[in-house]
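See below for the structure under consideration.
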Protein chains: 2
Amino acid sequence: MKPAQKNDFPVADVRQYLEPGPVLLVTSALGNERDIMTLGWHTVMEFSPSLVGCMISAGNNSHRLIKKSSECVLNLPAFALLDTLVAIGNCSGADVDKFAEFSLTPQPASEVKAPLIAECHACFECRLYDDTLVDNFNFFIFEVVKAQVASSPKYPQTVHYCGDGEFMLSGKRVSRRSQFRPEML
Amino acid sequence: MKPAQKNDFPVADVRQYLEPGPVLLVTSALGNERDIMTLGWHTVMEFSPSLVGCMISAGNNSHRLIKKSSECVLNLPAFALLDTLVAIGNCSGADVDKFAEFSLTPQPASEVKAPLIAECHACFECRLYDDTLVDNFNFFIFEVVKAQVASSPKYPQTVHYCGDGEFMLSGKRVSRRSQFRPEML
């Protein structure tokens, strides 16, 4: 699969990609180790600073790398990567190098040591912002410190997990902009 | 709009409806006050207990009702309610009774005092489970204590907010169940 050419994107606007609820691929690194995991349990928490809350189970190899490095990248895959992300979610980075195993291209990030996934539509580099709920809930609050988004397609078809091995694909877009008060936009 | 007939649903399975990331309508009550707000910033956090984290800005009238009552209902609207939910998100319950204003039918819940919205596809009754991040992040962790879901349609068309007055509608469903390890389902 061809890597997507990406442009810088305002970190305060990443809700456009994250709020609809797509499955993400989280990359992390620690020393010579690196890993990728699938993530469906995340939420936007603030525009500026650009905060995202992520529930990363302690059972994942990535949990250890992220907790120790205090960094990660949230990568947004489109439909073409569906089979890849299912496979990524069904094996452990403790056993395989997922970049090599699934022919994904690691690219250096600007602000963190975790690699970007070149084939993803967007990459959001994150630093740990608050760890209050990590021990009790495995809930990390990250600040997006750098965002890059592919210029095309404008609206990638994202995948949304419904449990039981089933996914919902993003459908058509509709605007109700004229019905919003200006201060709500 | 016709109220949806609903059946009891296992609280441990609500991720099927919440994880894909739809806009929700949150109902709350305190004494004689009641309110409805739109919510796009939420995430599943655990299966059992059934936990959902919600970012409810202190600027919303609902924040006060929910903080004081420690309860709410997460209602799942389908596409037919899109214009209604936009209107709900663009006015304040401090000024109007949103049930009356938008011709929505309040129904008594089983486990909480906040009302259900009869016209929604699913209603998840919630009690506050953890308030550690409420003061600093407006982040409430709720336990879903009772769930009811309409039997039809099987897959309601949900709406997902993208910012700027634009929404993504849920599209087709695909299964990759055969590619999951049994313990991952």
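Ordered as shown in the structure tokens, chains take letters A, B, and onward, while each chain numbers its residues from 1 and ligands are numbered from 1 in the order shown.
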
From the DSSP assignment of the backbone, select every residue of segment 3-179 of chain A that is strand (DSSP E), and format the answer as a PyMOL selection string. chain A and resi 6-9+24-30+33-39+42-46+51-55+71-76+106-107+116-117+122-130+139-150+159-161+166-175

Output C-alpha atoms for every residue in the selection just made, as a PDB file, in the first residue's frame.
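For reference, again_17.pdb as written:
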ATOM      1  CA  LYS A   6       0.607  14.452   4.539  1.00  0.00           C
ATOM      2  CA  ASN A   7       0.484  18.125   5.441  1.00  0.00           C
ATOM      3  CA  ASP A   8       0.667  19.827   8.804  1.00  0.00           C
ATOM      4  CA  PHE A   9      -2.724  20.233  10.426  1.00  0.00           C
ATOM      5  CA  LEU A  24      -6.980   4.059  15.619  1.00  0.00           C
ATOM      6  CA  LEU A  25      -3.566   2.444  15.396  1.00  0.00           C
ATOM      7  CA  VAL A  26      -1.380   3.529  18.307  1.00  0.00           C
ATOM      8  CA  THR A  27       2.373   3.383  17.819  1.00  0.00           C
ATOM      9  CA  SER A  28       4.914   3.492  20.621  1.00  0.00           C
ATOM     10  CA  ALA A  29       8.632   3.054  21.145  1.00  0.00           C
ATOM     11  CA  LEU A  30      11.032   2.457  24.007  1.00  0.00           C
ATOM     12  CA  GLU A  33      11.372  -1.794  21.057  1.00  0.00           C
ATOM     13  CA  ARG A  34       8.416  -0.533  19.049  1.00  0.00           C
ATOM     14  CA  ASP A  35       4.814  -1.639  18.830  1.00  0.00           C
ATOM     15  CA  ILE A  36       1.432  -0.992  17.221  1.00  0.00           C
ATOM     16  CA  MET A  37      -1.953  -1.613  18.811  1.00  0.00           C
ATOM     17  CA  THR A  38      -5.565  -1.042  17.772  1.00  0.00           C
ATOM     18  CA  LEU A  39      -7.589   1.407  19.852  1.00  0.00           C
ATOM     19  CA  HIS A  42     -10.776   7.044  23.071  1.00  0.00           C
ATOM     20  CA  THR A  43     -12.392  10.461  23.350  1.00  0.00           C
ATOM     21  CA  VAL A  44     -11.548  14.063  22.638  1.00  0.00           C
ATOM     22  CA  MET A  45     -11.318  15.990  25.926  1.00  0.00           C
ATOM     23  CA  GLU A  46     -10.265  19.545  25.011  1.00  0.00           C
ATOM     24  CA  LEU A  51      -6.365  16.566  24.677  1.00  0.00           C
ATOM     25  CA  VAL A  52      -7.399  12.986  23.910  1.00  0.00           C
ATOM     26  CA  GLY A  53      -8.256  10.376  26.538  1.00  0.00           C
ATOM     27  CA  CYS A  54      -7.318   6.779  25.693  1.00  0.00           C
ATOM     28  CA  MET A  55      -8.113   3.554  27.511  1.00  0.00           C
ATOM     29  CA  GLU A  71       4.581   9.225  24.367  1.00  0.00           C
ATOM     30  CA  CYS A  72       2.707   7.677  21.463  1.00  0.00           C
ATOM     31  CA  VAL A  73       1.316   8.428  18.015  1.00  0.00           C
ATOM     32  CA  LEU A  74      -2.383   8.064  17.202  1.00  0.00           C
ATOM     33  CA  ASN A  75      -2.559   6.976  13.546  1.00  0.00           C
ATOM     34  CA  LEU A  76      -5.855   7.035  11.619  1.00  0.00           C
ATOM     35  CA  PRO A 106       7.625   3.442  10.046  1.00  0.00           C
ATOM     36  CA  GLN A 107       8.478   7.120   9.605  1.00  0.00           C
ATOM     37  CA  LEU A 116       4.383   7.319  12.391  1.00  0.00           C
ATOM     38  CA  ILE A 117       2.648   4.760  10.157  1.00  0.00           C
ATOM     39  CA  ALA A 122      -3.444  11.028   9.578  1.00  0.00           C
ATOM     40  CA  CYS A 123      -0.861  10.891  12.364  1.00  0.00           C
ATOM     41  CA  PHE A 124      -1.215  12.691  15.678  1.00  0.00           C
ATOM     42  CA  GLU A 125       1.924  12.820  17.824  1.00  0.00           C
ATOM     43  CA  CYS A 126       1.095  12.733  21.530  1.00  0.00           C
ATOM     44  CA  ARG A 127       2.749  13.340  24.880  1.00  0.00           C
ATOM     45  CA  LEU A 128       1.293  12.160  28.164  1.00  0.00           C
ATOM     46  CA  TYR A 129      -0.553  15.095  29.741  1.00  0.00           C
ATOM     47  CA  ASP A 130      -2.175  13.537  32.818  1.00  0.00           C
ATOM     48  CA  PHE A 139      -6.805   5.763  31.145  1.00  0.00           C
ATOM     49  CA  PHE A 140      -4.141   8.025  29.640  1.00  0.00           C
ATOM     50  CA  ILE A 141      -4.795  11.678  28.811  1.00  0.00           C
ATOM     51  CA  PHE A 142      -2.525  12.721  25.936  1.00  0.00           C
ATOM     52  CA  GLU A 143      -1.809  16.107  24.414  1.00  0.00           C
ATOM     53  CA  VAL A 144      -1.578  16.125  20.634  1.00  0.00           C
ATOM     54  CA  VAL A 145       1.598  18.125  19.993  1.00  0.00           C
ATOM     55  CA  LYS A 146       1.864  17.667  16.229  1.00  0.00           C
ATOM     56  CA  ALA A 147      -0.688  16.650  13.605  1.00  0.00           C
ATOM     57  CA  GLN A 148      -0.296  15.653   9.975  1.00  0.00           C
ATOM     58  CA  VAL A 149      -3.141  14.744   7.633  1.00  0.00           C
ATOM     59  CA  ALA A 150      -3.211  13.456   4.046  1.00  0.00           C
ATOM     60  CA  VAL A 159     -13.740   1.990  10.326  1.00  0.00           C
ATOM     61  CA  HIS A 160     -15.603   1.903  13.647  1.00  0.00           C
ATOM     62  CA  TYR A 161     -15.607  -1.188  15.861  1.00  0.00           C
ATOM     63  CA  GLU A 166     -18.045  -6.438  13.270  1.00  0.00           C
ATOM     64  CA  PHE A 167     -17.239  -2.972  11.977  1.00  0.00           C
ATOM     65  CA  MET A 168     -19.303  -0.005  10.832  1.00  0.00           C
ATOM     66  CA  LEU A 169     -17.805   1.950   7.942  1.00  0.00           C
ATOM     67  CA  SER A 170     -18.224   5.701   7.781  1.00  0.00           C
ATOM     68  CA  GLY A 171     -21.056   6.707   5.463  1.00  0.00           C
ATOM     69  CA  LYS A 172     -22.143   9.922   3.841  1.00  0.00           C
ATOM     70  CA  ARG A 173     -21.576  13.386   5.273  1.00  0.00           C
ATOM     71  CA  VAL A 174     -24.284  15.940   5.871  1.00  0.00           C
ATOM     72  CA  SER A 175     -24.022  19.563   6.943  1.00  0.00           C
TER      73      SER A 175
END

Which residues are near Pro182 of chain B? Cut-off 12 Å, only C-alpha atoms, ignore same chain within fewer than 6 positions. Put them as a count of residues only. 3

As a list in words, list the residues of chain B assigned to alpha helix (DSSP H) by DSSP on the backbone atoms of this structure.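 In chain B, DSSP puts these residues in alpha helix (DSSP H): Arg15, Gln16, Tyr17, Leu18, Asn61, Ser62, His63, Arg64, Leu65, Ile66, Lys67, Lys68, Ser69, Leu82, Asp83, Thr84, Leu85, Val86, Ala87, Ile88, Gly89, Lys98, Phe99, Ala100, Glu101, Val134, Asp135, Asn136 and Phe137 of chain B.
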
Only N, CA and C atoms, please: the residues just picked out, written as an mmCIF file, in the first residue's frame.
data_model
loop_
_atom_site.group_PDB
_atom_site.id
_atom_site.type_symbol
_atom_site.label_atom_id
_atom_site.label_comp_id
_atom_site.auth_asym_id
_atom_site.auth_seq_id
_atom_site.Cartn_x
_atom_site.Cartn_y
_atom_site.Cartn_z
ATOM 1 N N ARG B 15 -21.071 -1.499 24.523
ATOM 2 C CA ARG B 15 -20.023 -1.052 23.595
ATOM 3 C C ARG B 15 -20.463 -1.198 22.139
ATOM 4 N N GLN B 16 -21.332 -2.156 21.853
ATOM 5 C CA GLN B 16 -21.827 -2.325 20.477
ATOM 6 C C GLN B 16 -22.412 -1.030 19.935
ATOM 7 N N TYR B 17 -23.014 -0.234 20.826
ATOM 8 C CA TYR B 17 -23.667 1.008 20.419
ATOM 9 C C TYR B 17 -22.798 2.240 20.655
ATOM 10 N N LEU B 18 -21.963 2.195 21.689
ATOM 11 C CA LEU B 18 -21.205 3.388 22.062
ATOM 12 C C LEU B 18 -19.829 3.476 21.405
ATOM 13 N N ASN B 61 -25.782 23.616 31.320
ATOM 14 C CA ASN B 61 -26.717 23.513 32.439
ATOM 15 C C ASN B 61 -26.770 22.066 32.962
ATOM 16 N N SER B 62 -26.649 21.098 32.061
ATOM 17 C CA SER B 62 -26.710 19.682 32.455
ATOM 18 C C SER B 62 -25.584 19.300 33.416
ATOM 19 N N HIS B 63 -24.437 19.938 33.283
ATOM 20 C CA HIS B 63 -23.295 19.621 34.151
ATOM 21 C C HIS B 63 -23.709 19.725 35.625
ATOM 22 N N ARG B 64 -24.401 20.812 35.947
ATOM 23 C CA ARG B 64 -24.829 21.036 37.336
ATOM 24 C C ARG B 64 -25.810 19.950 37.790
ATOM 25 N N LEU B 65 -26.785 19.640 36.938
ATOM 26 C CA LEU B 65 -27.777 18.628 37.318
ATOM 27 C C LEU B 65 -27.117 17.262 37.517
ATOM 28 N N ILE B 66 -26.191 16.934 36.634
ATOM 29 C CA ILE B 66 -25.541 15.619 36.703
ATOM 30 C C ILE B 66 -24.585 15.550 37.892
ATOM 31 N N LYS B 67 -23.866 16.630 38.129
ATOM 32 C CA LYS B 67 -22.919 16.633 39.244
ATOM 33 C C LYS B 67 -23.660 16.503 40.577
ATOM 34 N N LYS B 68 -24.790 17.205 40.685
ATOM 35 C CA LYS B 68 -25.531 17.169 41.959
ATOM 36 C C LYS B 68 -26.341 15.883 42.137
ATOM 37 N N SER B 69 -26.860 15.329 41.054
ATOM 38 C CA SER B 69 -27.691 14.119 41.172
ATOM 39 C C SER B 69 -26.870 12.840 41.054
ATOM 40 N N LEU B 82 -31.745 13.971 13.763
ATOM 41 C CA LEU B 82 -30.586 14.848 13.546
ATOM 42 C C LEU B 82 -30.915 16.330 13.754
ATOM 43 N N ASP B 83 -31.966 16.814 13.098
ATOM 44 C CA ASP B 83 -32.297 18.240 13.257
ATOM 45 C C ASP B 83 -32.640 18.572 14.705
ATOM 46 N N THR B 84 -33.303 17.634 15.369
ATOM 47 C CA THR B 84 -33.650 17.841 16.772
ATOM 48 C C THR B 84 -32.392 17.945 17.636
ATOM 49 N N LEU B 85 -31.452 17.067 17.410
ATOM 50 C CA LEU B 85 -30.261 17.098 18.280
ATOM 51 C C LEU B 85 -29.404 18.332 18.002
ATOM 52 N N VAL B 86 -29.403 18.796 16.752
ATOM 53 C CA VAL B 86 -28.692 20.042 16.469
ATOM 54 C C VAL B 86 -29.349 21.195 17.232
ATOM 55 N N ALA B 87 -30.657 21.243 17.204
ATOM 56 C CA ALA B 87 -31.378 22.304 17.924
ATOM 57 C C ALA B 87 -31.138 22.197 19.432
ATOM 58 N N ILE B 88 -31.121 20.979 19.953
ATOM 59 C CA ILE B 88 -30.871 20.772 21.384
ATOM 60 C C ILE B 88 -29.485 21.280 21.777
ATOM 61 N N GLY B 89 -28.514 21.070 20.890
ATOM 62 C CA GLY B 89 -27.154 21.496 21.179
ATOM 63 C C GLY B 89 -26.946 22.993 21.039
ATOM 64 N N LYS B 98 -36.504 21.364 27.217
ATOM 65 C CA LYS B 98 -36.207 20.819 25.882
ATOM 66 C C LYS B 98 -37.159 19.696 25.473
ATOM 67 N N PHE B 99 -37.699 18.961 26.428
ATOM 68 C CA PHE B 99 -38.691 17.937 26.053
ATOM 69 C C PHE B 99 -39.898 18.594 25.376
ATOM 70 N N ALA B 100 -40.425 19.648 26.010
ATOM 71 C CA ALA B 100 -41.592 20.333 25.450
ATOM 72 C C ALA B 100 -41.228 21.045 24.150
ATOM 73 N N GLU B 101 -40.103 21.742 24.177
ATOM 74 C CA GLU B 101 -39.695 22.535 23.015
ATOM 75 C C GLU B 101 -39.520 21.677 21.764
ATOM 76 N N VAL B 134 -13.514 15.105 37.514
ATOM 77 C CA VAL B 134 -14.604 16.055 37.252
ATOM 78 C C VAL B 134 -14.131 17.493 37.449
ATOM 79 N N ASP B 135 -13.481 17.771 38.555
ATOM 80 C CA ASP B 135 -13.088 19.157 38.828
ATOM 81 C C ASP B 135 -12.057 19.690 37.825
ATOM 82 N N ASN B 136 -11.071 18.873 37.491
ATOM 83 C CA ASN B 136 -10.004 19.363 36.601
ATOM 84 C C ASN B 136 -10.299 19.228 35.111
ATOM 85 N N PHE B 137 -11.110 18.196 34.741
ATOM 86 C CA PHE B 137 -11.310 17.930 33.304
ATOM 87 C C PHE B 137 -12.781 17.838 32.895
#

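For the pair atom CA of Trp41 of chain A and atom CA of Asp95 of chain A, the interatomic distance is 23.6 Å.
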
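Of the residues listed (A:Ser92, A:Thr132, A:Ala4, A:Asn138), A:Ala4 shows the shortest atom-to-atom separation from Ser152 of chain A; distances use only C-alpha atoms.
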
So which one's closest to Ser151 of chain B, B:His121, B:Asn32, B:Ala58, B:Arg181? Using only C-alpha atoms, please.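 Closest to Ser151 of chain B of all the choices is B:His121.
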